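**Student:** Got a structure for you, final.cif, holding mmCIF, C-alpha atoms, pLDDT in the B column; chains and numbers go by the auth columns.
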```cif
data_model
loop_
_atom_site.group_PDB
_atom_site.id
_atom_site.type_symbol
_atom_site.label_atom_id
_atom_site.label_comp_id
_atom_site.label_asym_id
_atom_site.label_seq_id
_atom_site.Cartn_x
_atom_site.Cartn_y
_atom_site.Cartn_z
_atom_site.B_iso_or_equiv
_atom_site.auth_seq_id
_atom_site.auth_asym_id
ATOM 1 C CA LYS A 1 34.494 188.620 87.914 85.00 1 A
ATOM 2 C CA GLN A 2 33.886 192.254 88.806 90.00 2 A
ATOM 3 C CA GLU A 3 36.258 194.699 87.134 93.00 3 A
ATOM 4 C CA VAL A 4 36.423 198.400 87.897 96.00 4 A
ATOM 5 C CA THR A 5 37.969 200.831 85.439 97.00 5 A
ATOM 6 C CA GLN A 6 38.941 204.445 85.885 97.00 6 A
ATOM 7 C CA ILE A 7 39.938 206.482 82.874 91.00 7 A
ATOM 8 C CA PRO A 8 42.077 208.523 82.530 91.00 8 A
ATOM 9 C CA ALA A 9 44.808 207.348 84.875 93.00 9 A
ATOM 10 C CA ALA A 10 45.970 210.914 85.461 95.00 10 A
ATOM 11 C CA LEU A 11 44.648 214.425 85.016 95.00 11 A
ATOM 12 C CA SER A 12 46.306 217.822 85.420 96.00 12 A
ATOM 13 C CA VAL A 13 44.150 220.948 85.519 96.00 13 A
ATOM 14 C CA PRO A 14 44.409 224.603 86.546 97.00 14 A
ATOM 15 C CA GLU A 15 42.833 225.705 89.784 97.00 15 A
ATOM 16 C CA GLY A 16 39.141 226.614 89.614 97.00 16 A
ATOM 17 C CA GLU A 17 38.043 224.092 87.013 96.00 17 A
ATOM 18 C CA ASN A 18 35.027 221.866 87.537 96.00 18 A
ATOM 19 C CA LEU A 19 36.060 218.239 87.160 95.00 19 A
ATOM 20 C CA VAL A 20 34.378 214.974 86.232 95.00 20 A
ATOM 21 C CA LEU A 21 36.010 211.684 87.239 96.00 21 A
ATOM 22 C CA ASN A 22 34.642 208.537 85.671 96.00 22 A
ATOM 23 C CA CYS A 23 34.321 204.996 86.975 97.00 23 A
ATOM 24 C CA SER A 24 32.866 201.969 85.213 97.00 24 A
ATOM 25 C CA PHE A 25 32.203 198.449 86.486 96.00 25 A
ATOM 26 C CA THR A 26 31.341 195.265 84.656 95.00 26 A
ATOM 27 C CA ASP A 27 28.836 193.598 87.008 90.00 27 A
ATOM 28 C CA SER A 28 25.814 195.748 87.830 87.00 28 A
ATOM 29 C CA ALA A 29 24.813 193.557 90.793 87.00 29 A
ATOM 30 C CA ILE A 30 26.446 195.791 93.370 88.00 30 A
ATOM 31 C CA TYR A 31 25.437 196.670 96.915 85.00 31 A
ATOM 32 C CA ASN A 32 27.106 200.056 97.020 89.00 32 A
ATOM 33 C CA LEU A 33 29.808 202.180 95.459 93.00 33 A
ATOM 34 C CA GLN A 34 32.350 204.283 97.289 93.00 34 A
ATOM 35 C CA TRP A 35 34.732 207.004 96.225 96.00 35 A
ATOM 36 C CA PHE A 36 37.988 207.365 98.140 96.00 36 A
ATOM 37 C CA ARG A 37 40.848 209.809 98.170 97.00 37 A
ATOM 38 C CA GLN A 38 44.451 208.713 98.741 96.00 38 A
ATOM 39 C CA ASP A 39 47.359 211.039 99.392 94.00 39 A
ATOM 40 C CA PRO A 40 50.897 209.795 98.572 88.00 40 A
ATOM 41 C CA GLY A 41 52.091 207.117 100.994 83.00 41 A
ATOM 42 C CA LYS A 42 48.899 207.308 103.005 85.00 42 A
ATOM 43 C CA GLY A 43 45.755 205.289 103.549 88.00 43 A
ATOM 44 C CA LEU A 44 42.389 205.943 101.941 92.00 44 A
ATOM 45 C CA THR A 45 39.796 208.474 103.034 93.00 45 A
ATOM 46 C CA SER A 46 36.168 207.728 102.219 92.00 46 A
ATOM 47 C CA LEU A 47 34.576 210.635 100.359 95.00 47 A
ATOM 48 C CA LEU A 48 31.128 209.436 99.377 94.00 48 A
ATOM 49 C CA LEU A 49 29.153 206.201 99.572 91.00 49 A
ATOM 50 C CA ILE A 50 26.179 205.546 97.306 92.00 50 A
ATOM 51 C CA GLN A 51 23.833 202.677 98.066 89.00 51 A
ATOM 52 C CA SER A 52 22.650 200.685 95.057 88.00 52 A
ATOM 53 C CA SER A 53 19.143 202.122 95.486 89.00 53 A
ATOM 54 C CA GLN A 54 20.428 205.707 95.365 92.00 54 A
ATOM 55 C CA ARG A 55 21.259 207.866 92.369 94.00 55 A
ATOM 56 C CA GLU A 56 23.630 210.377 93.928 95.00 56 A
ATOM 57 C CA GLN A 57 25.294 211.688 97.061 95.00 57 A
ATOM 58 C CA THR A 58 26.698 215.133 97.811 96.00 58 A
ATOM 59 C CA SER A 59 29.267 216.411 100.264 95.00 59 A
ATOM 60 C CA GLY A 60 30.453 219.991 99.983 96.00 60 A
ATOM 61 C CA ARG A 61 32.054 220.511 96.567 97.00 61 A
ATOM 62 C CA LEU A 62 31.755 216.804 95.761 97.00 62 A
ATOM 63 C CA ASN A 63 28.867 215.085 94.053 97.00 63 A
ATOM 64 C CA ALA A 64 28.820 211.422 93.068 97.00 64 A
ATOM 65 C CA SER A 65 26.231 209.813 90.840 97.00 65 A
ATOM 66 C CA LEU A 66 25.484 206.169 90.165 96.00 66 A
ATOM 67 C CA ASP A 67 23.874 204.545 87.134 95.00 67 A
ATOM 68 C CA LYS A 68 23.831 200.914 88.118 92.00 68 A
ATOM 69 C CA SER A 69 22.197 199.645 84.939 91.00 69 A
ATOM 70 C CA SER A 70 24.935 201.067 82.748 94.00 70 A
ATOM 71 C CA GLY A 71 27.700 200.243 85.221 95.00 71 A
ATOM 72 C CA ARG A 72 28.896 203.813 85.689 96.00 72 A
ATOM 73 C CA SER A 73 29.596 206.313 88.395 97.00 73 A
ATOM 74 C CA THR A 74 30.810 209.877 88.183 97.00 74 A
ATOM 75 C CA LEU A 75 32.528 212.018 90.802 97.00 75 A
ATOM 76 C CA TYR A 76 32.070 215.722 90.208 97.00 76 A
ATOM 77 C CA ILE A 77 34.445 218.180 91.889 97.00 77 A
ATOM 78 C CA ALA A 78 33.379 221.805 91.762 97.00 78 A
ATOM 79 C CA ALA A 79 35.827 224.699 91.729 97.00 79 A
ATOM 80 C CA SER A 80 38.946 222.535 92.116 97.00 80 A
ATOM 81 C CA GLN A 81 41.717 223.634 94.490 97.00 81 A
ATOM 82 C CA PRO A 82 45.390 222.640 94.782 97.00 82 A
ATOM 83 C CA GLY A 83 44.461 220.807 97.982 96.00 83 A
ATOM 84 C CA ASP A 84 42.309 218.457 95.902 97.00 84 A
ATOM 85 C CA SER A 85 45.483 217.000 94.366 97.00 85 A
ATOM 86 C CA ALA A 86 45.483 213.286 95.220 97.00 86 A
ATOM 87 C CA THR A 87 44.607 209.906 93.762 97.00 87 A
ATOM 88 C CA TYR A 88 40.884 209.212 93.609 98.00 88 A
ATOM 89 C CA LEU A 89 39.714 205.606 93.732 97.00 89 A
ATOM 90 C CA CYS A 90 36.344 204.119 92.977 97.00 90 A
ATOM 91 C CA ALA A 91 35.298 200.833 94.612 95.00 91 A
ATOM 92 C CA VAL A 92 32.212 198.640 94.395 93.00 92 A
ATOM 93 C CA GLY A 93 30.847 196.382 97.093 88.00 93 A
ATOM 94 C CA LYS A 94 28.805 193.290 96.368 77.00 94 A
ATOM 95 C CA GLY A 95 26.628 191.030 98.447 59.00 95 A
ATOM 96 C CA GLN A 96 24.266 191.415 101.326 55.00 96 A
ATOM 97 C CA GLY A 97 27.100 192.333 103.604 55.00 97 A
ATOM 98 C CA GLY A 98 27.963 195.314 101.461 52.00 98 A
ATOM 99 C CA SER A 99 31.486 196.493 101.746 51.00 99 A
ATOM 100 C CA GLU A 100 33.225 193.385 103.057 65.00 100 A
ATOM 101 C CA LYS A 101 34.984 192.791 99.777 80.00 101 A
ATOM 102 C CA LEU A 102 35.405 195.987 97.851 90.00 102 A
ATOM 103 C CA VAL A 103 36.755 195.783 94.320 93.00 103 A
ATOM 104 C CA PHE A 104 38.812 198.847 93.513 96.00 104 A
ATOM 105 C CA GLY A 105 39.796 200.587 90.325 97.00 105 A
ATOM 106 C CA LYS A 106 43.430 201.559 89.834 96.00 106 A
ATOM 107 C CA GLY A 107 42.648 205.167 90.657 96.00 107 A
ATOM 108 C CA MET A 108 43.033 208.491 88.906 97.00 108 A
ATOM 109 C CA LYS A 109 45.864 210.804 89.921 96.00 109 A
ATOM 110 C CA LEU A 110 44.636 214.382 89.987 97.00 110 A
ATOM 111 C CA THR A 111 46.948 217.397 90.001 97.00 111 A
ATOM 112 C CA VAL A 112 45.399 220.828 90.451 97.00 112 A
ATOM 113 C CA ASN A 113 47.872 223.567 89.588 96.00 113 A
ATOM 114 C CA PRO A 114 47.706 226.968 91.309 94.00 114 A
ATOM 115 C CA ASP B 1 42.961 209.629 118.062 50.00 1 B
ATOM 116 C CA THR B 2 39.801 207.755 117.172 75.00 2 B
ATOM 117 C CA GLY B 3 40.900 206.583 113.711 91.00 3 B
ATOM 118 C CA VAL B 4 42.298 203.251 112.540 95.00 4 B
ATOM 119 C CA SER B 5 45.869 202.812 113.730 96.00 5 B
ATOM 120 C CA GLN B 6 48.484 200.607 112.063 97.00 6 B
ATOM 121 C CA ASN B 7 51.958 199.711 113.254 96.00 7 B
ATOM 122 C CA PRO B 8 54.656 199.798 112.147 96.00 8 B
ATOM 123 C CA ARG B 9 54.403 202.403 109.382 95.00 9 B
ATOM 124 C CA HIS B 10 57.361 200.922 107.551 96.00 10 B
ATOM 125 C CA LYS B 11 59.035 197.529 107.694 97.00 11 B
ATOM 126 C CA ILE B 12 62.150 196.461 105.848 97.00 12 B
ATOM 127 C CA THR B 13 63.049 192.807 106.046 97.00 13 B
ATOM 128 C CA LYS B 14 65.199 190.238 104.335 97.00 14 B
ATOM 129 C CA ARG B 15 63.693 187.510 102.222 97.00 15 B
ATOM 130 C CA GLY B 16 62.790 184.498 104.314 97.00 16 B
ATOM 131 C CA GLN B 17 62.143 186.400 107.527 97.00 17 B
ATOM 132 C CA ASN B 18 58.771 186.533 109.281 98.00 18 B
ATOM 133 C CA VAL B 19 56.967 189.828 109.845 98.00 19 B
ATOM 134 C CA THR B 20 53.898 190.816 111.839 98.00 20 B
ATOM 135 C CA PHE B 21 51.734 193.903 111.476 97.00 21 B
ATOM 136 C CA ARG B 22 49.175 195.245 113.904 97.00 22 B
ATOM 137 C CA CYS B 23 45.908 197.081 113.327 98.00 23 B
ATOM 138 C CA ASP B 24 43.756 198.808 115.946 97.00 24 B
ATOM 139 C CA PRO B 25 40.313 199.575 114.470 95.00 25 B
ATOM 140 C CA ILE B 26 37.890 202.282 115.510 93.00 26 B
ATOM 141 C CA SER B 27 36.625 201.062 118.868 90.00 27 B
ATOM 142 C CA GLU B 28 32.924 200.749 118.058 86.00 28 B
ATOM 143 C CA HIS B 29 33.516 198.998 114.707 90.00 29 B
ATOM 144 C CA ASN B 30 33.044 195.238 114.761 89.00 30 B
ATOM 145 C CA ARG B 31 34.228 194.594 111.194 91.00 31 B
ATOM 146 C CA LEU B 32 37.903 194.677 110.311 94.00 32 B
ATOM 147 C CA TYR B 33 39.490 194.227 106.885 94.00 33 B
ATOM 148 C CA TRP B 34 42.967 193.709 105.468 96.00 34 B
ATOM 149 C CA TYR B 35 43.855 194.885 101.969 96.00 35 B
ATOM 150 C CA ARG B 36 47.110 194.916 100.032 96.00 36 B
ATOM 151 C CA GLN B 37 48.120 197.626 97.595 96.00 37 B
ATOM 152 C CA THR B 38 51.033 197.674 95.167 95.00 38 B
ATOM 153 C CA LEU B 39 52.321 200.716 93.333 91.00 39 B
ATOM 154 C CA GLY B 40 49.894 202.055 90.736 90.00 40 B
ATOM 155 C CA GLN B 41 47.147 199.616 91.677 93.00 41 B
ATOM 156 C CA GLY B 42 44.024 199.812 93.759 94.00 42 B
ATOM 157 C CA PRO B 43 43.870 197.893 97.045 95.00 43 B
ATOM 158 C CA GLU B 44 43.092 194.178 96.823 94.00 44 B
ATOM 159 C CA PHE B 45 40.993 192.429 99.448 93.00 45 B
ATOM 160 C CA LEU B 46 42.809 189.895 101.633 94.00 46 B
ATOM 161 C CA THR B 47 40.506 188.983 104.506 94.00 47 B
ATOM 162 C CA TYR B 48 37.933 190.288 106.951 90.00 48 B
ATOM 163 C CA PHE B 49 36.675 189.676 110.456 92.00 49 B
ATOM 164 C CA GLN B 50 33.397 190.233 112.168 90.00 50 B
ATOM 165 C CA ASN B 51 34.288 190.480 115.824 91.00 51 B
ATOM 166 C CA GLU B 52 36.785 187.646 116.350 92.00 52 B
ATOM 167 C CA ALA B 53 35.514 185.460 113.499 91.00 53 B
ATOM 168 C CA GLN B 54 37.445 185.440 110.237 91.00 54 B
ATOM 169 C CA LEU B 55 34.610 185.247 107.717 88.00 55 B
ATOM 170 C CA GLU B 56 36.380 185.325 104.373 86.00 56 B
ATOM 171 C CA LYS B 57 39.865 184.943 102.952 89.00 57 B
ATOM 172 C CA SER B 58 41.009 185.817 99.453 89.00 58 B
ATOM 173 C CA ARG B 59 42.942 183.393 97.299 86.00 59 B
ATOM 174 C CA LEU B 60 45.697 186.013 97.501 80.00 60 B
ATOM 175 C CA LEU B 61 46.187 184.967 101.109 84.00 61 B
ATOM 176 C CA SER B 62 48.591 182.063 100.705 88.00 62 B
ATOM 177 C CA ASP B 63 49.481 179.607 103.461 92.00 63 B
ATOM 178 C CA ARG B 64 52.322 181.917 104.476 95.00 64 B
ATOM 179 C CA PHE B 65 49.816 184.556 105.552 96.00 65 B
ATOM 180 C CA SER B 66 47.786 184.355 108.737 95.00 66 B
ATOM 181 C CA ALA B 67 45.529 186.908 110.348 96.00 67 B
ATOM 182 C CA GLU B 68 44.027 186.936 113.800 95.00 68 B
ATOM 183 C CA ARG B 69 41.702 189.116 115.789 96.00 69 B
ATOM 184 C CA PRO B 70 41.664 187.831 119.355 90.00 70 B
ATOM 185 C CA LYS B 71 38.786 189.121 121.456 85.00 71 B
ATOM 186 C CA GLY B 72 37.425 191.047 118.498 84.00 72 B
ATOM 187 C CA SER B 73 39.599 194.079 119.106 91.00 73 B
ATOM 188 C CA PHE B 74 42.983 194.613 117.429 96.00 74 B
ATOM 189 C CA SER B 75 44.162 192.376 114.595 97.00 75 B
ATOM 190 C CA THR B 76 47.548 191.049 113.495 97.00 76 B
ATOM 191 C CA LEU B 77 48.671 189.977 110.051 97.00 77 B
ATOM 192 C CA GLU B 78 51.711 187.703 109.928 97.00 78 B
ATOM 193 C CA ILE B 79 53.690 186.793 106.841 97.00 79 B
ATOM 194 C CA GLN B 80 56.050 183.856 107.179 97.00 80 B
ATOM 195 C CA ARG B 81 59.089 183.259 104.974 97.00 81 B
ATOM 196 C CA THR B 82 58.664 186.579 103.189 97.00 82 B
ATOM 197 C CA GLU B 83 59.294 186.816 99.461 96.00 83 B
ATOM 198 C CA GLN B 84 60.129 189.852 97.354 96.00 84 B
ATOM 199 C CA GLY B 85 56.658 189.671 95.825 95.00 85 B
ATOM 200 C CA ASP B 86 55.201 190.393 99.262 96.00 86 B
ATOM 201 C CA SER B 87 56.516 193.952 99.062 97.00 87 B
ATOM 202 C CA ALA B 88 53.441 196.187 99.191 96.00 88 B
ATOM 203 C CA MET B 89 51.404 198.524 101.352 96.00 89 B
ATOM 204 C CA TYR B 90 49.241 196.545 103.754 97.00 90 B
ATOM 205 C CA LEU B 91 46.093 198.455 104.648 96.00 91 B
ATOM 206 C CA CYS B 92 43.684 197.820 107.479 96.00 92 B
ATOM 207 C CA ALA B 93 40.140 199.171 107.546 94.00 93 B
ATOM 208 C CA SER B 94 37.151 198.930 109.844 93.00 94 B
ATOM 209 C CA SER B 95 33.419 199.479 109.599 89.00 95 B
ATOM 210 C CA ARG B 96 30.225 199.099 111.576 84.00 96 B
ATOM 211 C CA GLY B 97 28.365 195.822 111.173 71.00 97 B
ATOM 212 C CA GLY B 98 24.645 195.412 110.617 67.00 98 B
ATOM 213 C CA GLN B 99 22.423 197.777 108.698 65.00 99 B
ATOM 214 C CA GLY B 100 23.196 201.323 107.758 63.00 100 B
ATOM 215 C CA ASP B 101 26.294 203.110 106.548 65.00 101 B
ATOM 216 C CA LYS B 102 28.962 200.735 105.256 72.00 102 B
ATOM 217 C CA LYS B 103 31.738 203.254 104.951 82.00 103 B
ATOM 218 C CA LEU B 104 35.204 201.828 105.389 87.00 104 B
ATOM 219 C CA PHE B 105 37.703 203.772 107.457 90.00 105 B
ATOM 220 C CA PHE B 106 41.304 203.003 106.506 93.00 106 B
ATOM 221 C CA GLY B 107 44.498 203.259 108.472 95.00 107 B
ATOM 222 C CA SER B 108 47.666 204.792 107.028 94.00 108 B
ATOM 223 C CA GLY B 109 49.031 201.376 106.168 95.00 109 B
ATOM 224 C CA THR B 110 52.242 199.450 106.743 97.00 110 B
ATOM 225 C CA GLN B 111 54.720 199.665 103.876 96.00 111 B
ATOM 226 C CA LEU B 112 56.624 196.382 103.601 97.00 112 B
ATOM 227 C CA SER B 113 59.861 196.119 101.658 97.00 113 B
ATOM 228 C CA VAL B 114 61.394 192.664 101.251 97.00 114 B
ATOM 229 C CA LEU B 115 65.031 192.766 100.172 95.00 115 B
#
```
Hey, can you dump this file as structure tokens for me?
**Tutor:**
Amino acid sequence: KQEVTQIPAALSVPEGENLVLNCSFTDSAIYNLQWFRQDPGKGLTSLLLIQSSQREQTSGRLNASLDKSSGRSTLYIAASQPGDSATYLCAVGKGQGGSEKLVFGKGMKLTVNP
Amino acid sequence: DTGVSQNPRHKITKRGQNVTFRCDPISEHNRLYWYRQTLGQGPEFLTYFQNEAQLEKSRLLSDRFSAERPKGSFSTLEIQRTEQGDSAMYLCASSRGGQGDKKLFFGSGTQLSVL
């Protein structure tokens, strides 16, 4: 059974810091990995999707890497801003269909203080 | 608004009552998913449709739960004889089928409280 772990569960940092969010998964036979952002009481917003054949994806101040063999992914946030405060979730998709059945971690609550 | 739309946003019901939620996916997306999320947890997969066909259901989806997607457009999720353990955020998502980008686009969810 696939398990996804995100440690730590919460992080509080001053504005401007570069951040590294970690995600690990137990079964390396994944189709893709996605990082999402969730604001309180809201749905999820997809940030980055990495196919299993890729090593990293970048969007603006965000960079996500994937090491499938070791079962790890990292989300890097450059020059953090208070608006980055949210819960960040990592999810892996398995099977030829890809993202039909994503397995999520519990998320990491990020607070960026001005 | 071209995003995923869910209604209602909040639902409060008494134990034993039936509830129904609606999801309108992004119009060109033929895959639609239901997830459930409880406080402090990540979303858990419930079921998904490709067009009008329900292709997979999780064991979490007991006999009291039923989902439909008539005509491959909007979807409904019904919970019969609600229990307090059904209290959660119910999230709908959609994606394109076939090859290419498999990004999921989520709605804002329906928060269910069973008293």
**Student:** Using atom CA of Pro25 of chain B and atom CA of Leu77 of chain B as the two end points, give the distance in Å to one decimal.
**Tutor:**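 Between atom CA of Pro25 of chain B and atom CA of Leu77 of chain B the gap is 13.5 Å.
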**Student:** Within 7 Å of segment 11-17 of chain B, counting only C-alpha atoms, which residues qualify if same-chain residues fewer than 4 places away don't, as a PyMOL selection string?
**Tutor:** chain B and resi 80-84+111-115
**Student:** Would you list which chain A residues are within 6 Å of chain B using only C-alpha atoms, as a PyMOL selection string?
**Tutor:** chain A and resi 42-44+104-106
**Student:** If the box runs along x, y and z of the file and leaves 8 Å on each side of segment 27-35 of chain A, what are its centre and edge lengths in Å, one decimal, as AutoDock Vina command-line options?
**Tutor:**
```
--center_x 29.8 --center_y 200.3 --center_z 92.1 --size_x 25.9 --size_y 29.4 --size_z 26.3
```
**Student:** Have a look at atom CA of Ser5 of chain B and atom CA of Pro40 of chain A and let me know their distance in Å, one decimal.
**Tutor:**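 Going from atom CA of Ser5 of chain B over to atom CA of Pro40 of chain A covers 17.4 Å.
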**Student:** For the PyMOL selection byres ((chain A and resi 66) around 12), applied here, can you spell out every residue it catches as a ChimeraX atom specification?
**Tutor:** /A:22-25,28,30-35,48-58,63-65,67-76,90,92
**Student:** Report, in Å to a single decimal, how far apart atom CA of Lys94 of chain A and atom CA of Asp39 of chain A are.
**Tutor:**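 Atom-to-atom, atom CA of Asp39 of chain A and atom CA of Lys94 of chain A are spaced 25.9 Å apart.
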**Student:** Quick one: apply the PyMOL selection byres ((chain A and resi 17) around 8) to the file and drop the selected residues here as a list in words.
**Tutor:**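 Matching residues under the PyMOL selection byres ((chain A and resi 17) around 8) are Val13, Pro14, Glu15, Gly16, Asn18, Leu19, Ala78, Ala79 and Ser80 of chain A.
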**Student:** Could you save those same residues with C-alpha atoms as a short mmCIF file (atom, residue, chain, number, x, y, z; two decimals), keeping the file's coordinate frame?
**Tutor:**
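Output file result08.cif is given in full below:
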```
data_model
loop_
_atom_site.label_atom_id
_atom_site.label_comp_id
_atom_site.auth_asym_id
_atom_site.auth_seq_id
_atom_site.Cartn_x
_atom_site.Cartn_y
_atom_site.Cartn_z
CA VAL A 13 44.15 220.95 85.52
CA PRO A 14 44.41 224.60 86.55
CA GLU A 15 42.83 225.70 89.78
CA GLY A 16 39.14 226.61 89.61
CA ASN A 18 35.03 221.87 87.54
CA LEU A 19 36.06 218.24 87.16
CA ALA A 78 33.38 221.80 91.76
CA ALA A 79 35.83 224.70 91.73
CA SER A 80 38.95 222.54 92.12
#
```
**Student:** Have a look at A:Ala29, A:Ala91, A:Ala86, A:Val20 and name the one nearest to Arg61 of chain A; count all atoms listed in the file.
**Tutor:**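 Ranking A:Ala29, A:Ala91, A:Ala86, A:Val20 by distance to Arg61 of chain A, first place goes to A:Val20.
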**Student:** Within 10 Å of Pro8 of chain A, counting all atoms listed in the file, which residues show up once you throw out same-chain ones fewer than 6 positions away? Write them as a list in words, please.
**Tutor:** Leu21, Asn22, Cys23, Gly107, Met108, Lys109 and Leu110 of chain A
**Student:** List the neighbours of Arg69 of chain B out to 9 Å using all atoms listed in the file; skip same-chain residues closer than 6 positions along the sequence, and give me the result as a list in words.
**Tutor:** Leu32, Phe49, Asn51, Glu52, Ala53, Gln54, Ser75 and Thr76 of chain B
**Student:** Can I get the selection written as a CSV table (one decimal), in the frame of the given file, with C-alpha atoms?
**Tutor:**
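Result file out-v2.csv:
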```
chain,number,residue,atom,x,y,z
B,32,LEU,CA,37.9,194.7,110.3
B,49,PHE,CA,36.7,189.7,110.5
B,51,ASN,CA,34.3,190.5,115.8
B,52,GLU,CA,36.8,187.6,116.4
B,53,ALA,CA,35.5,185.5,113.5
B,54,GLN,CA,37.4,185.4,110.2
B,75,SER,CA,44.2,192.4,114.6
B,76,THR,CA,47.5,191.0,113.5
```
**Student:** I'd like the residues picked by the PyMOL selection byres ((chain A and resi 26) around 6) written out as a list of chain:residue names, using the chain letters and numbers from the file.
**Tutor:**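 Evaluating the PyMOL selection byres ((chain A and resi 26) around 6) on this file yields A:Gln2, A:Glu3, A:Phe25, A:Asp27.
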**Student:** Counting only C-alpha atoms, figure out which residue out of A:Asn113, A:Gly93, A:Gly41, A:Phe36 gets nearest to Gln81 of chain A.
**Tutor:** A:Asn113
**Student:** Could you model all heavy atoms for segment 75-81 of chain B and present them as a compact mmCIF listing (two decimals), keeping the file's coordinate frame?
**Tutor:**
```
# COMPACT_ATOMS: atom_id res chain seq x y z
N SER B 75 43.87 193.51 115.47
CA SER B 75 44.16 192.38 114.60
C SER B 75 45.65 192.37 114.25
O SER B 75 46.30 193.42 114.25
CB SER B 75 43.35 192.48 113.30
OG SER B 75 43.69 191.46 112.39
N THR B 76 46.18 191.19 113.98
CA THR B 76 47.55 191.05 113.50
C THR B 76 47.54 190.29 112.18
O THR B 76 46.71 189.40 111.96
CB THR B 76 48.44 190.31 114.49
OG1 THR B 76 47.88 189.03 114.76
CG2 THR B 76 48.57 191.09 115.79
N LEU B 77 48.45 190.67 111.31
CA LEU B 77 48.67 189.98 110.05
C LEU B 77 50.12 189.54 110.03
O LEU B 77 51.03 190.37 110.14
CB LEU B 77 48.38 190.90 108.87
CG LEU B 77 48.62 190.32 107.46
CD1 LEU B 77 47.64 189.19 107.17
CD2 LEU B 77 48.52 191.41 106.39
N GLU B 78 50.35 188.24 109.94
CA GLU B 78 51.71 187.70 109.93
C GLU B 78 52.01 187.12 108.56
O GLU B 78 51.18 186.43 107.96
CB GLU B 78 51.90 186.63 110.99
CG GLU B 78 53.31 186.06 111.01
CD GLU B 78 53.50 184.92 112.02
OE1 GLU B 78 52.50 184.37 112.50
OE2 GLU B 78 54.67 184.59 112.30
N ILE B 79 53.19 187.40 108.07
CA ILE B 79 53.69 186.79 106.84
C ILE B 79 54.94 185.99 107.19
O ILE B 79 55.90 186.55 107.71
CB ILE B 79 54.04 187.85 105.76
CG1 ILE B 79 52.88 188.81 105.55
CG2 ILE B 79 54.40 187.14 104.45
CD1 ILE B 79 53.20 189.96 104.60
N GLN B 80 54.89 184.72 106.91
CA GLN B 80 56.05 183.86 107.18
C GLN B 80 56.87 183.69 105.91
O GLN B 80 56.34 183.72 104.79
CB GLN B 80 55.57 182.49 107.68
CG GLN B 80 54.83 182.56 109.02
CD GLN B 80 54.40 181.19 109.51
OE1 GLN B 80 54.09 180.31 108.71
NE2 GLN B 80 54.39 181.00 110.81
N ARG B 81 58.17 183.52 106.10
CA ARG B 81 59.09 183.26 104.97
C ARG B 81 58.84 184.26 103.84
O ARG B 81 58.50 183.88 102.71
CB ARG B 81 58.92 181.83 104.48
CG ARG B 81 59.08 180.79 105.59
CD ARG B 81 58.94 179.36 105.06
NE ARG B 81 57.66 179.12 104.39
CZ ARG B 81 56.51 178.90 105.01
NH1 ARG B 81 56.48 178.91 106.34
NH2 ARG B 81 55.41 178.67 104.32
```
